[in-house]
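Asker: So I've got this file, target.txt, and it contains compact mmCIF, C-alpha atoms and all ligand atoms:
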# COMPACT_ATOMS: atom_id res chain seq x y z
CA MET A 14 103.49 49.57 103.13
CA GLY A 15 106.58 51.81 102.78
CA PRO A 16 107.41 54.77 105.03
CA PHE A 17 104.62 57.29 105.58
CA LYS A 18 105.00 59.96 102.88
CA ILE A 19 103.90 63.55 103.27
CA VAL A 20 104.04 65.99 100.34
CA VAL A 21 103.82 69.74 101.02
CA CYS A 22 102.99 72.17 98.21
CA VAL A 23 104.96 75.36 98.63
CA LYS A 24 104.57 78.45 96.48
CA ALA A 25 107.33 81.04 96.04
CA VAL A 26 105.63 84.45 96.16
CA PRO A 27 106.87 88.05 95.97
CA ASP A 28 107.84 89.20 99.47
CA PRO A 29 104.63 90.80 100.88
CA LYS A 30 106.82 92.96 103.17
CA LYS A 31 108.18 94.71 100.08
CA GLY A 32 104.83 96.08 98.93
CA SER A 33 102.43 94.94 96.21
CA PRO A 34 103.80 92.63 93.51
CA SER A 35 104.45 94.15 90.10
CA PHE A 36 102.62 92.77 87.09
CA ASP A 37 103.64 92.30 83.48
CA PRO A 38 101.20 94.60 81.65
CA VAL A 39 101.10 92.31 78.59
CA THR A 40 100.81 88.82 80.13
CA LYS A 41 98.96 90.14 83.26
CA THR A 42 101.02 87.76 85.40
CA VAL A 43 103.19 88.52 88.41
CA ARG A 44 106.78 89.34 87.49
CA ARG A 45 108.17 86.65 89.76
CA ALA A 46 111.63 86.61 88.24
CA ALA A 47 112.09 90.34 88.94
CA GLN A 48 111.23 90.18 92.63
CA ASP A 49 112.58 88.67 95.82
CA LEU A 50 110.63 85.47 96.27
CA VAL A 51 109.79 84.08 99.69
CA MET A 52 107.84 81.07 100.93
CA ASN A 53 104.11 81.77 100.97
CA LEU A 54 103.31 82.37 104.65
CA LEU A 55 100.60 79.71 104.94
CA ASP A 56 102.93 77.18 103.31
CA ARG A 57 105.35 77.70 106.22
CA HIS A 58 102.54 76.50 108.48
CA ALA A 59 102.00 73.49 106.17
CA VAL A 60 105.73 72.60 106.32
CA GLU A 61 105.73 72.99 110.12
CA GLU A 62 102.71 70.70 110.39
CA ALA A 63 104.30 68.07 108.14
CA LEU A 64 107.43 68.11 110.32
CA ARG A 65 105.28 67.82 113.46
CA ILE A 66 103.39 64.84 112.00
CA ARG A 67 106.67 63.20 110.93
CA GLY A 68 107.94 63.69 114.49
CA GLY A 69 105.08 61.65 115.91
CA PHE A 70 104.18 59.31 113.09
CA GLY A 71 107.51 58.84 111.31
CA GLY A 72 107.96 58.95 107.56
CA LYS A 73 109.38 61.38 105.02
CA VAL A 74 108.44 64.94 104.07
CA THR A 75 108.84 66.15 100.48
CA VAL A 76 108.25 69.74 99.41
CA VAL A 77 107.06 70.37 95.84
CA SER A 78 106.88 73.74 94.15
CA MET A 79 106.09 74.87 90.63
CA GLY A 80 107.95 78.03 89.79
CA PRO A 81 110.80 79.75 87.98
CA PRO A 82 114.48 79.02 88.83
CA GLU A 83 114.31 82.08 91.14
CA ALA A 84 112.16 79.95 93.48
CA MET A 85 115.23 77.83 94.33
CA PRO A 86 116.07 79.67 97.62
CA VAL A 87 112.57 78.85 98.91
CA LEU A 88 113.18 75.15 98.24
CA LYS A 89 116.60 75.36 99.92
CA GLU A 90 114.96 77.04 102.89
CA SER A 91 112.53 74.15 103.20
CA LEU A 92 115.50 71.74 103.33
CA ALA A 93 117.00 73.90 106.09
CA LEU A 94 113.67 73.71 107.91
CA GLY A 95 114.16 69.95 107.99
CA VAL A 96 112.23 68.41 105.09
CA ASP A 97 113.76 65.27 103.58
CA ARG A 98 113.41 66.15 99.90
CA ALA A 99 112.69 69.27 97.85
CA VAL A 100 111.50 69.23 94.23
CA LEU A 101 111.16 72.26 91.96
CA LEU A 102 108.92 71.81 88.93
CA SER A 103 110.41 74.34 86.56
CA ASP A 104 110.09 74.62 82.81
CA ARG A 105 109.26 77.42 80.38
CA ALA A 106 106.26 75.30 79.37
CA PHE A 107 104.76 75.87 82.87
CA ALA A 108 104.82 79.69 82.54
CA GLY A 109 101.52 81.60 82.60
CA ALA A 110 99.65 78.79 84.37
CA ASP A 111 96.25 79.53 85.85
CA THR A 112 95.10 77.61 88.90
CA LEU A 113 93.92 74.60 86.86
CA ALA A 114 97.20 74.25 84.95
CA THR A 115 99.10 74.78 88.23
CA SER A 116 97.09 72.02 89.90
CA LYS A 117 97.61 69.65 86.95
CA THR A 118 101.36 70.29 86.99
CA LEU A 119 101.58 69.74 90.75
CA ALA A 120 99.52 66.53 90.40
CA LEU A 121 101.85 65.20 87.69
CA GLY A 122 104.87 66.11 89.82
CA ILE A 123 103.44 64.46 92.94
CA ARG A 124 102.50 61.28 91.05
CA LYS A 125 106.01 61.19 89.58
CA LEU A 126 107.40 61.02 93.13
CA GLY A 127 105.52 57.76 93.70
CA GLN A 128 103.21 56.64 96.50
CA PHE A 129 102.07 59.33 98.98
CA ASP A 130 99.85 59.28 102.08
CA LEU A 131 99.17 62.93 102.86
CA VAL A 132 99.36 66.15 100.86
CA LEU A 133 99.37 69.50 102.67
CA ALA A 134 99.04 72.97 101.14
CA GLY A 135 98.29 76.48 102.30
CA SER A 136 94.65 77.53 102.13
CA GLU A 137 95.65 80.42 99.84
CA SER A 138 98.65 82.23 98.46
CA SER A 139 99.49 85.83 99.26
CA ASP A 140 99.65 86.84 95.57
CA GLY A 141 97.08 84.97 93.45
CA ALA A 142 95.00 84.20 96.58
CA THR A 143 92.32 82.22 94.75
CA GLY A 144 92.39 79.30 97.20
CA GLN A 145 91.63 77.03 94.24
CA VAL A 146 94.83 75.00 94.01
CA GLY A 147 94.24 72.78 97.08
CA PRO A 148 90.75 71.56 96.15
CA GLN A 149 91.61 71.23 92.44
CA LEU A 150 94.72 69.24 93.20
CA ALA A 151 92.75 66.88 95.47
CA GLU A 152 90.18 66.40 92.72
CA ILE A 153 92.85 65.62 90.10
CA LEU A 154 94.64 63.21 92.45
CA GLY A 155 91.25 61.62 93.26
CA ILE A 156 91.64 61.95 97.05
CA PRO A 157 89.49 63.49 99.82
CA PHE A 158 89.96 67.15 100.69
CA VAL A 159 89.55 69.18 103.87
CA PRO A 160 89.97 72.96 103.82
CA LYS A 161 91.55 75.25 106.43
CA ALA A 162 92.74 72.66 108.93
CA VAL A 163 93.50 73.97 112.41
CA LYS A 164 94.23 70.53 113.89
CA ILE A 165 95.33 67.22 112.34
CA GLU A 166 95.64 63.95 114.25
CA LEU A 167 96.58 60.70 112.56
CA TYR A 168 95.87 57.23 113.82
CA ASN A 169 95.95 53.68 112.55
CA GLY A 170 92.74 51.80 111.79
CA ALA A 171 89.91 51.63 114.27
CA LYS A 172 91.73 53.20 117.23
CA PRO A 173 89.22 55.66 118.72
CA GLY A 174 90.08 59.30 118.21
CA PRO A 175 89.59 62.09 120.72
CA SER A 176 86.14 63.08 119.46
CA SER A 177 82.69 61.70 120.19
CA ILE A 178 82.55 60.10 116.72
CA ASP A 179 82.20 56.31 116.57
CA HIS A 180 85.39 55.02 114.92
CA THR A 181 84.60 51.33 115.12
CA GLU A 182 83.61 50.97 111.46
CA CYS A 183 86.84 52.56 110.19
CA GLY A 184 88.62 49.34 109.33
CA GLU A 185 92.27 49.16 108.24
CA GLY A 186 94.51 51.97 107.07
CA VAL A 187 95.69 55.33 108.32
CA PHE A 188 93.00 57.87 109.20
CA ALA A 189 93.06 61.52 110.14
CA MET A 190 90.80 63.44 112.47
CA VAL A 191 90.91 66.96 111.05
CA THR A 192 89.37 70.07 112.52
CA GLY A 193 88.78 72.67 109.82
CA GLU A 194 87.58 76.26 109.94
CA VAL A 195 84.22 77.06 108.41
CA GLU A 196 82.51 80.44 108.29
CA CYS A 197 80.46 79.86 111.40
CA GLY A 198 83.04 77.97 113.48
CA LEU A 199 84.84 74.65 113.28
CA ARG A 200 84.00 71.32 111.71
CA GLU A 201 85.55 67.94 112.54
CA TYR A 202 86.20 65.40 109.78
CA ARG A 203 87.34 61.80 109.83
CA VAL A 204 89.25 61.07 106.63
CA ARG A 205 90.88 57.93 105.29
CA LEU A 206 94.32 58.66 103.83
CA PRO A 207 95.63 59.42 101.27
CA ALA A 208 94.02 62.85 101.47
CA LEU A 209 94.82 66.52 100.94
CA PHE A 210 94.34 69.18 103.60
CA THR A 211 94.91 72.90 103.28
CA VAL A 212 96.01 74.58 106.49
CA SER A 213 94.92 77.70 108.33
CA ARG A 214 97.53 79.89 110.01
CA LYS A 215 95.94 78.91 113.35
CA ILE A 216 97.26 75.35 113.02
CA ASN A 217 100.70 76.10 114.52
CA GLU A 218 103.48 78.63 115.05
CA PRO A 219 106.22 78.03 112.46
CA LYS A 220 109.64 77.89 114.12
CA GLY A 221 111.83 79.21 111.35
CA VAL A 222 115.27 78.18 110.15
CA THR A 223 117.99 77.42 112.72
CA MET A 224 121.76 77.20 112.30
CA MET A 225 121.49 73.45 112.98
CA GLY A 226 118.94 73.22 110.17
CA ILE A 227 121.20 75.06 107.74
CA LEU A 228 124.14 72.83 108.61
CA GLY A 229 121.93 69.71 108.44
CA SER A 230 120.72 70.59 104.94
CA ARG A 231 124.26 70.97 103.57
CA GLY A 232 124.77 68.49 100.79
CA LYS A 233 121.04 68.05 100.20
CA GLU A 234 120.21 69.10 96.64
CA VAL A 235 116.95 70.48 95.28
CA GLU A 236 115.75 68.23 92.45
CA VAL A 237 114.52 70.09 89.35
CA LEU A 238 111.97 68.40 87.10
CA GLY A 239 110.78 69.76 83.75
CA ALA A 240 107.68 69.03 81.66
CA ALA A 241 109.21 65.95 80.00
CA ASP A 242 110.34 64.53 83.37
CA ILE A 243 106.80 64.53 84.77
CA GLY A 244 105.17 63.45 81.49
CA ALA A 245 103.30 66.73 80.92
CA SER A 246 101.94 67.22 77.43
CA PRO A 247 102.33 70.80 76.09
CA GLY A 248 98.57 71.45 75.91
CA GLU A 249 97.80 70.69 79.57
CA VAL A 250 100.29 72.93 81.40
CA GLY A 251 101.30 76.60 81.41
CA ALA A 252 99.43 79.25 79.43
CA LYS A 253 98.35 76.68 76.80
CA GLY A 254 96.66 74.52 79.43
CA SER A 255 94.97 77.46 81.15
CA PRO A 256 91.29 78.08 80.43
CA THR A 257 91.34 81.29 82.51
CA LEU A 258 92.50 84.51 80.88
CA ILE A 259 93.12 87.48 83.14
CA ARG A 260 91.70 90.53 81.35
CA ALA A 261 93.16 93.16 83.68
CA VAL A 262 95.12 93.47 86.92
CA GLU A 263 95.25 96.50 89.17
CA GLY A 264 97.34 97.21 92.23
CA PRO A 265 95.75 98.75 95.32
CA PRO A 266 94.69 102.38 94.74
CA PRO A 267 97.57 104.80 95.36
CA GLY A 268 97.36 107.35 98.14
CA ARG A 269 96.51 105.06 101.07
CA GLN A 270 98.99 105.99 103.74
CA GLY A 271 99.31 105.02 107.36
CA GLU A 272 99.78 107.66 110.02
CA ILE A 273 101.66 107.09 113.25
CA ILE A 274 100.40 109.06 116.26
CA SER A 275 103.24 109.08 118.77
CA GLY A 276 103.85 110.76 122.13
CA ASP A 277 102.03 110.40 125.43
CA PRO A 278 99.65 107.37 125.15
CA ASP A 279 96.61 109.23 126.63
CA GLU A 280 97.19 112.16 124.29
CA ALA A 281 97.67 109.81 121.35
CA VAL A 282 94.36 108.04 122.05
CA ARG A 283 92.58 111.43 122.32
CA ALA A 284 94.14 112.55 119.02
CA LEU A 285 93.10 109.26 117.36
CA VAL A 286 89.50 109.60 118.60
CA GLU A 287 89.37 113.18 117.28
CA LYS A 288 90.68 112.10 113.89
CA LEU A 289 88.15 109.26 113.68
CA ARG A 290 85.32 111.66 114.67
CA ALA A 291 86.45 114.15 112.03
CA LYS A 292 86.25 111.41 109.39
CA GLY A 293 82.83 110.28 110.59
CA VAL A 294 84.09 106.82 111.69
CA LEU A 295 83.07 107.62 115.30
CA VAL A 296 80.07 109.78 116.19
C1 LIG B 1 96.40 89.05 90.90
C2 LIG B 1 96.32 87.65 90.36
C3 LIG B 1 95.11 87.15 89.98
C4 LIG B 1 95.02 85.86 89.49
N1 LIG B 1 93.80 85.44 89.16
C5 LIG B 1 93.67 84.18 88.72
C6 LIG B 1 92.37 83.71 88.40
O1 LIG B 1 91.38 84.42 88.51
N2 LIG B 1 92.25 82.46 87.93
C7 LIG B 1 93.35 81.66 87.81
O2 LIG B 1 93.16 80.54 87.40
N3 LIG B 1 94.60 82.07 88.11
C8 LIG B 1 94.80 83.31 88.57
N4 LIG B 1 96.05 83.75 88.87
C9 LIG B 1 97.20 82.86 88.70
C10 LIG B 1 97.56 82.14 89.98
O3 LIG B 1 97.97 83.00 90.98
C11 LIG B 1 98.77 81.27 89.93
O4 LIG B 1 99.35 81.27 88.72
C12 LIG B 1 98.56 79.86 90.38
O5 LIG B 1 97.64 79.24 89.54
C13 LIG B 1 98.28 79.60 91.82
O6 LIG B 1 97.10 80.18 92.18
P1 LIG B 1 96.96 80.90 93.57
O7 LIG B 1 98.20 81.68 93.83
O8 LIG B 1 95.65 81.61 93.56
O9 LIG B 1 96.97 79.65 94.58
P2 LIG B 1 96.05 79.36 95.84
O10 LIG B 1 95.02 78.38 95.44
O11 LIG B 1 95.59 80.60 96.53
O12 LIG B 1 97.16 78.64 96.73
C14 LIG B 1 96.82 77.72 97.74
C15 LIG B 1 97.99 76.83 98.00
O13 LIG B 1 98.26 76.02 96.86
C16 LIG B 1 99.67 75.76 96.79
N5 LIG B 1 100.21 76.34 95.56
C17 LIG B 1 99.69 77.33 94.79
N6 LIG B 1 100.51 77.57 93.74
C18 LIG B 1 101.56 76.74 93.87
C19 LIG B 1 102.75 76.51 93.14
N7 LIG B 1 103.05 77.21 92.04
N8 LIG B 1 103.63 75.56 93.57
C20 LIG B 1 103.35 74.84 94.69
N9 LIG B 1 102.26 75.01 95.44
C21 LIG B 1 101.37 75.94 95.03
C22 LIG B 1 100.30 76.42 98.01
O14 LIG B 1 100.34 75.48 99.06
C23 LIG B 1 99.29 77.52 98.33
O15 LIG B 1 99.34 77.94 99.68
C24 LIG B 1 96.17 85.05 89.37
C25 LIG B 1 97.40 85.57 89.74
C26 LIG B 1 97.46 86.85 90.24
C27 LIG B 1 98.78 87.40 90.66
What is this file in structure tokens?
Answerer:
Amino acid sequence: MGPFKIVVCVKAVPDPKKGSPSFDPVTKTVRRAAQDLVMNLLDRHAVEEALRIRGGFGGKVTVVSMGPPEAMPVLKESLALGVDRAVLLSDRAFAGADTLATSKTLALGIRKLGQFDLVLAGSESSDGATGQVGPQLAEILGIPFVPKAVKIELYNGAKPGPSSIDHTECGEGVFAMVTGEVECGLREYRVRLPALFTVSRKINEPKGVTMMGILGSRGKEVEVLGAADIGASPGEVGAKGSPTLIRAVEGPPPGRQGEIISGDPDEAVRALVEKLRAKGVLV
């Protein structure tokens, strides 16, 4: 067995701090090229978790993203965060992808990189926000899937984990004990790797880029792979490979504005209560 390999899927999204993304009225897709792209927030947590796992378990972390050339700074940032390899899947043929075509492209890209043990992704993006890519990608790769992980622990073979579950029948291989969020609480899974987990923001506190990280990533290049490089046929990726057609997109309704009530805290609370009463929120 070679070194333990973790792949993290990272999406470059329009900066949520700069308001709602703008859409192309004809293609109904986000105008990614026209906006400042940043790493999807949940994907930061996924990268952090991969680095934490590498710290304890060893191995290599590779970040993979499908996006336009403008996504390059996000890949460079992931190198500065400390990942070993960053790959941008970028080709005009990938444009207009729905979640299925995105998942197929990511799967082809990941397979192209060779053997892998663990794939991590965010549980949803801040723009498309369908939450479909993680489970679809796991299905295409033919590996188990756990959503919204808040805790991941890896161990070799039949070594008992921290839970009350009987691990004795596990056998050989690397396993993960994963705690995932469900609507009514938490659920604990035992999974044989390779597997794909999406992460919740509760899993960790991302540390961010340091000067050491920037200096350490100098000389590391982002690899760019196109459709031909990953063996994608024209009909299975991009708009042509997308069974979903978006009929319409709308931004949030205009006119919603925040109001800051400043001044003496007691007065401010009284003013807030009055305003809420006037609007019928409080009786
Ligand atoms: C407003 C809007 C509505 C949309 N509606 C639909 C729809 O109804 N059906 C549909 O099929 N498509 C839709 N799309 C397209 C979709 O956003 C993307 O093109 C893409 O398929 C990813 O979907 P997502 O952002 O919902 O990913 P999610 O499934 O929410 O993302 C989960 C995780 O998957 C990984 N991931 C997602 N995209 C990438 C990527 N490009 N590269 C690397 N990792 C990635 C990241 O780790 C991310 O955290 C919509 C887009 C927008 C802007």
Asker: Taking only C-alpha atoms and all ligand atoms into account, which of A:Thr40, A:Thr118, A:Ser255, A:Thr112 comes nearest ligand LIG 1 (chain B)?
Answerer: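 Of A:Thr40, A:Thr118, A:Ser255, A:Thr112, the one nearest ligand LIG 1 (chain B) is A:Thr112, counting only C-alpha atoms and all ligand atoms.
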Asker: Given the choices A:Ala93, A:Leu119, A:Ala162, A:Leu64, which gets closest to A:Val222 if the distance is worked out from all atoms listed in the file?
Answerer: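 Smallest distance to A:Val222 is found for A:Ala93.
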Asker: Which is closest to A:Arg200 among A:Lys164, A:Leu228, A:Gly221, A:Gly68, if we use all atoms listed in the file?
Answerer: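 Checking each of A:Lys164, A:Leu228, A:Gly221, A:Gly68 against A:Arg200, counting all atoms listed in the file, the winner is A:Lys164.
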Asker: What gap, in Å, lies between atom CA of A:Leu101 and atom CA of A:Ala241?
Answerer: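 Straight-line distance from atom CA of A:Leu101 to atom CA of A:Ala241 works out to 13.7 Å.
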Asker: My list of candidates is A:Asp56, A:Glu61, A:Glu194, A:Asp130. Which is closest to ligand LIG 1 (chain B) when distances are computed with all atoms listed in the file?
Answerer: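 With all atoms listed in the file as the atom set, the closest residue is A:Asp56.
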Asker: Using all atoms listed in the file, which of A:Asp28, A:Glu249, A:Asp242, A:Glu263 sits nearest ligand LIG 1 (chain B)?
Answerer: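 Selected residue with least distance to ligand LIG 1 (chain B): A:Glu263.
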Asker: Which polymer residues have any atom within 10 Å of an atom of A:Pro148, counting only C-alpha atoms, with same-chain residues fewer than 5 positions away left out, as a ChimeraX atom specification?
Answerer: /A:116,134,136,153-154,156-160,209-211
Asker: Go through the chains and note each residue within 8 Å of ligand LIG 1 (chain B), using all atoms listed in the file, then give the set as an MDAnalysis selection string.
Answerer: chainID A and resid 21:25 34 36 41:43 53:56 59 77:80 102 109:116 119 133:147 211 255:259 262:263
Asker: Which of these, A:Gly32, A:Pro16, A:Pro81, A:Pro86, has the shortest distance to A:Arg105 once you count only C-alpha atoms?
Answerer: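 Result for the nearest residue to A:Arg105: A:Pro81.
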Asker: Box along x, y and z, 5 Å on every side, all listed atoms of stretch 74-78 of chain A inside: centre and edge lengths in Å to one decimal, as lines of an AutoDock Vina configuration file.
Answerer:
center_x = 107.9
center_y = 69.3
center_z = 99.1
size_x = 12.0
size_y = 18.8
size_z = 19.9
Asker: Could you please determine the separation between atom CA of A:Leu150 and atom CA of A:Ala120 in Å, to one decimal place?
Answerer: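 Between atom CA of A:Leu150 and atom CA of A:Ala120 the gap works out to 6.2 Å.
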Asker: Which residues are near A:Thr192? Cut-off 12 Å, only C-alpha atoms, ignore same chain within fewer than 5 positions. Put them as an NGL selection string.
Answerer: :A and (159-167 or 175-176 or 198-204 or 210-213 or 215-216)
Asker: Need the shell around A:Gly15: protein/DNA/RNA residues with any atom at most 12 Å away, counting all atoms listed in the file. Skip same-chain ones fewer than 4 positions apart. Format as an NGL selection string?
Answerer: :A and (71-73 or 127-130)
